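Asker: Before I ask anything, here is the structure I am working with.
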Amino acid sequence: MGKPGKTGIARVIDAFGYSMKGFAASWKYEAAFRQEVGLAVILIPTAFWLAQTHIELILLISSVFWVLMAELANSSVEAVVDRTGSERHELSGRAKDIGSALVFVSLTLLVIVWSIVAFNRFW
């Protein structure tokens, strides 16, 4: 058996560094991620104004974070697929399409949550 990896605080520090590298790469290479971060910068403060209960606030903010998480997952799938080669392959296309569907579902959730909360607030 091989030597175990880092444990404790050293592992946490390394994991944090890898996460920051992931955010930086997403920001640098993914226009959709930059757009969705821009959307988050607008929507999260708006959620504090729009929500009338703590549950509404949690739902509004969570739906924004789901979009960001879906985009990060989609971007990672695209990077791996692109890394494996430039030739067209049915499975590569399917993987990218499924990642795109994940982002679409998260955006749909965001629209539904925000629409319901806004409807309850204003009508």
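Ordering of the structure tokens sets the chain letters (A, B, ...), residue numbers begin anew at 1 in every chain, and ligands are numbered from 1 in the order given.
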Neighbours of A:Ala79 within 12 Å (only C-alpha atoms; same-chain residues fewer than 5 positions away dropped), as an MDAnalysis selection string?
Answerer: chainID A and resid 22 25:26 29:30 72:74 84:86 92 95:96 99
Asker: Please write the residues from the selection above to a file, keeping N, CA, C and O atoms, as an mmCIF file, in the first residue's frame.
Answerer:
```
data_model
loop_
_atom_site.group_PDB
_atom_site.id
_atom_site.type_symbol
_atom_site.label_atom_id
_atom_site.label_comp_id
_atom_site.auth_asym_id
_atom_site.auth_seq_id
_atom_site.Cartn_x
_atom_site.Cartn_y
_atom_site.Cartn_z
ATOM 1 N N GLY A 22 -9.319 26.363 -9.529
ATOM 2 C CA GLY A 22 -10.493 26.048 -10.338
ATOM 3 C C GLY A 22 -11.335 27.274 -10.624
ATOM 4 O O GLY A 22 -11.791 27.481 -11.752
ATOM 5 N N ALA A 25 -9.400 29.416 -13.166
ATOM 6 C CA ALA A 25 -9.469 28.860 -14.517
ATOM 7 C C ALA A 25 -10.847 29.076 -15.125
ATOM 8 O O ALA A 25 -10.966 29.423 -16.308
ATOM 9 N N SER A 26 -11.883 28.890 -14.329
ATOM 10 C CA SER A 26 -13.242 29.113 -14.828
ATOM 11 C C SER A 26 -13.443 30.567 -15.224
ATOM 12 O O SER A 26 -14.046 30.864 -16.260
ATOM 13 N N TYR A 29 -11.240 31.209 -18.553
ATOM 14 C CA TYR A 29 -11.539 30.491 -19.789
ATOM 15 C C TYR A 29 -13.018 30.328 -20.108
ATOM 16 O O TYR A 29 -13.347 29.913 -21.220
ATOM 17 N N GLU A 30 -13.900 30.619 -19.179
ATOM 18 C CA GLU A 30 -15.323 30.342 -19.389
ATOM 19 C C GLU A 30 -16.153 31.622 -19.332
ATOM 20 O O GLU A 30 -16.450 32.136 -18.263
ATOM 21 N N LEU A 72 -19.763 25.202 -13.224
ATOM 22 C CA LEU A 72 -18.450 24.639 -12.901
ATOM 23 C C LEU A 72 -18.370 23.172 -13.317
ATOM 24 O O LEU A 72 -17.362 22.734 -13.889
ATOM 25 N N ALA A 73 -19.420 22.408 -13.055
ATOM 26 C CA ALA A 73 -19.436 20.995 -13.454
ATOM 27 C C ALA A 73 -19.398 20.873 -14.973
ATOM 28 O O ALA A 73 -18.640 20.062 -15.529
ATOM 29 N N ASN A 74 -20.191 21.674 -15.656
ATOM 30 C CA ASN A 74 -20.215 21.646 -17.113
ATOM 31 C C ASN A 74 -18.850 22.017 -17.692
ATOM 32 O O ASN A 74 -18.359 21.365 -18.614
ATOM 33 N N THR A 84 -9.124 15.209 -24.297
ATOM 34 C CA THR A 84 -8.940 13.862 -24.831
ATOM 35 C C THR A 84 -8.768 13.832 -26.340
ATOM 36 O O THR A 84 -8.336 12.828 -26.870
ATOM 37 N N GLY A 85 -9.096 14.899 -27.027
ATOM 38 C CA GLY A 85 -8.889 14.922 -28.473
ATOM 39 C C GLY A 85 -9.859 15.844 -29.173
ATOM 40 O O GLY A 85 -10.898 16.201 -28.637
ATOM 41 N N SER A 86 -9.504 16.201 -30.380
ATOM 42 C CA SER A 86 -10.335 17.140 -31.138
ATOM 43 C C SER A 86 -11.262 16.431 -32.122
ATOM 44 O O SER A 86 -12.118 17.075 -32.732
ATOM 45 N N SER A 92 -18.368 12.022 -26.612
ATOM 46 C CA SER A 92 -17.889 13.355 -26.238
ATOM 47 C C SER A 92 -18.996 14.379 -26.404
ATOM 48 O O SER A 92 -19.225 15.213 -25.521
ATOM 49 N N ALA A 95 -21.575 13.866 -23.659
ATOM 50 C CA ALA A 95 -21.122 14.393 -22.357
ATOM 51 C C ALA A 95 -21.285 15.911 -22.306
ATOM 52 O O ALA A 95 -21.766 16.460 -21.303
ATOM 53 N N LYS A 96 -20.885 16.588 -23.374
ATOM 54 C CA LYS A 96 -21.023 18.046 -23.402
ATOM 55 C C LYS A 96 -22.487 18.464 -23.388
ATOM 56 O O LYS A 96 -22.859 19.439 -22.716
ATOM 57 N N GLY A 99 -23.868 18.060 -19.884
ATOM 58 C CA GLY A 99 -23.394 19.166 -19.047
ATOM 59 C C GLY A 99 -24.177 20.440 -19.319
ATOM 60 O O GLY A 99 -24.547 21.171 -18.395
#
```
Asker: Residues near stretch 44-52 of chain A, anyone? I mean within 8 Å using only C-alpha atoms, not counting same-chain ones fewer than 4 positions away, as a compact mmCIF listing (two decimals) with all heavy atoms, in the first residue's frame.
Answerer:
```txt
# COMPACT_ATOMS: atom_id res chain seq x y z
N ALA A 40 -24.96 36.68 -10.44
CA ALA A 40 -24.98 36.44 -8.99
C ALA A 40 -24.73 37.73 -8.21
O ALA A 40 -25.36 37.97 -7.17
CB ALA A 40 -23.93 35.38 -8.61
N GLU A 56 -37.50 31.96 1.99
CA GLU A 56 -37.43 32.56 0.66
C GLU A 56 -36.01 33.01 0.34
O GLU A 56 -35.52 32.79 -0.77
CB GLU A 56 -38.39 33.74 0.54
CG GLU A 56 -39.83 33.34 0.44
CD GLU A 56 -40.77 34.53 0.30
OE1 GLU A 56 -40.34 35.69 0.46
OE2 GLU A 56 -41.96 34.29 0.03
N LEU A 57 -35.35 33.62 1.31
CA LEU A 57 -33.98 34.07 1.10
C LEU A 57 -33.06 32.90 0.78
O LEU A 57 -32.25 32.96 -0.15
CB LEU A 57 -33.47 34.83 2.34
CG LEU A 57 -32.06 35.39 2.24
CD1 LEU A 57 -31.95 36.42 1.12
CD2 LEU A 57 -31.66 36.01 3.57
N LEU A 60 -33.84 31.68 -2.79
CA LEU A 60 -33.35 32.60 -3.82
C LEU A 60 -31.83 32.49 -3.98
O LEU A 60 -31.32 32.36 -5.10
CB LEU A 60 -33.74 34.04 -3.47
CG LEU A 60 -35.23 34.37 -3.56
CD1 LEU A 60 -35.50 35.75 -2.96
CD2 LEU A 60 -35.74 34.29 -4.99
N ILE A 61 -31.12 32.54 -2.88
CA ILE A 61 -29.66 32.49 -2.94
C ILE A 61 -29.18 31.11 -3.39
O ILE A 61 -28.26 30.99 -4.20
CB ILE A 61 -29.04 32.91 -1.59
CG1 ILE A 61 -29.32 34.39 -1.34
CG2 ILE A 61 -27.54 32.63 -1.57
CD1 ILE A 61 -28.89 34.90 0.01
N VAL A 64 -29.25 30.62 -7.10
CA VAL A 64 -28.13 31.30 -7.77
C VAL A 64 -26.87 30.43 -7.68
O VAL A 64 -26.16 30.23 -8.68
CB VAL A 64 -27.88 32.70 -7.15
CG1 VAL A 64 -26.61 33.32 -7.73
CG2 VAL A 64 -29.08 33.60 -7.38
N VAL A 117 -41.33 33.57 -5.83
CA VAL A 117 -41.11 34.51 -4.73
C VAL A 117 -41.56 35.92 -5.13
O VAL A 117 -42.22 36.61 -4.35
CB VAL A 117 -39.64 34.49 -4.27
CG1 VAL A 117 -39.37 35.60 -3.26
CG2 VAL A 117 -39.29 33.13 -3.66
N ALA A 118 -41.25 36.33 -6.36
CA ALA A 118 -41.66 37.67 -6.82
C ALA A 118 -43.19 37.74 -6.91
O ALA A 118 -43.77 38.76 -6.53
CB ALA A 118 -41.02 37.98 -8.17
N ARG A 121 -44.60 38.16 -3.55
CA ARG A 121 -44.30 39.48 -2.99
C ARG A 121 -45.18 40.58 -3.58
O ARG A 121 -45.61 41.49 -2.87
CB ARG A 121 -42.81 39.80 -3.24
CG ARG A 121 -42.39 41.22 -2.97
CD ARG A 121 -41.92 41.42 -1.54
NE ARG A 121 -41.68 42.78 -1.24
CZ ARG A 121 -40.47 43.32 -1.06
NH1 ARG A 121 -39.39 42.57 -1.17
NH2 ARG A 121 -40.34 44.57 -0.76
```
Asker: For each of A:Val37, A:Ile55, A:Leu43, A:Val12, take the minimum atom-to-atom distance to A:Met69, counting only C-alpha atoms, then give the residue where this is smallest.
Answerer: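 Looking at the shortest contact to A:Met69, the residue is A:Val37.
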Asker: Measuring between only C-alpha atoms, which one of A:Asp82, A:Gln35, A:Thr53, A:His89 shows the shortest distance to A:Asn120?
Answerer: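 Among the listed residues, A:Thr53 lies closest to A:Asn120.
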Asker: Between A:Ala31, A:Val81, A:Phe122, A:Glu71, which has the minimum distance to A:Ser100 (counting only C-alpha atoms)?
Answerer: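 Between A:Ala31, A:Val81, A:Phe122, A:Glu71, the residue approaching A:Ser100 most closely is A:Glu71.
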Asker: So that I can check the surroundings of A:Gly5, please list as a ChimeraX atom specification every protein, DNA and RNA residue that reaches within 12 Å of it, counting only C-alpha atoms and ignoring chain neighbours fewer than 5 positions away.
Answerer: /A:10-12,14-15
Asker: Would you write out those residues with C-alpha atoms, as a tab-separated table (two decimals), in the first residue's frame?
Answerer:
```
chain	number	residue	atom	x	y	z
A	10	ALA	CA	-2.59	20.46	5.41
A	11	ARG	CA	-5.17	18.63	3.29
A	12	VAL	CA	-7.72	21.38	3.86
A	14	ASP	CA	-4.29	22.09	-0.33
A	15	ALA	CA	-7.96	21.55	-1.19
```
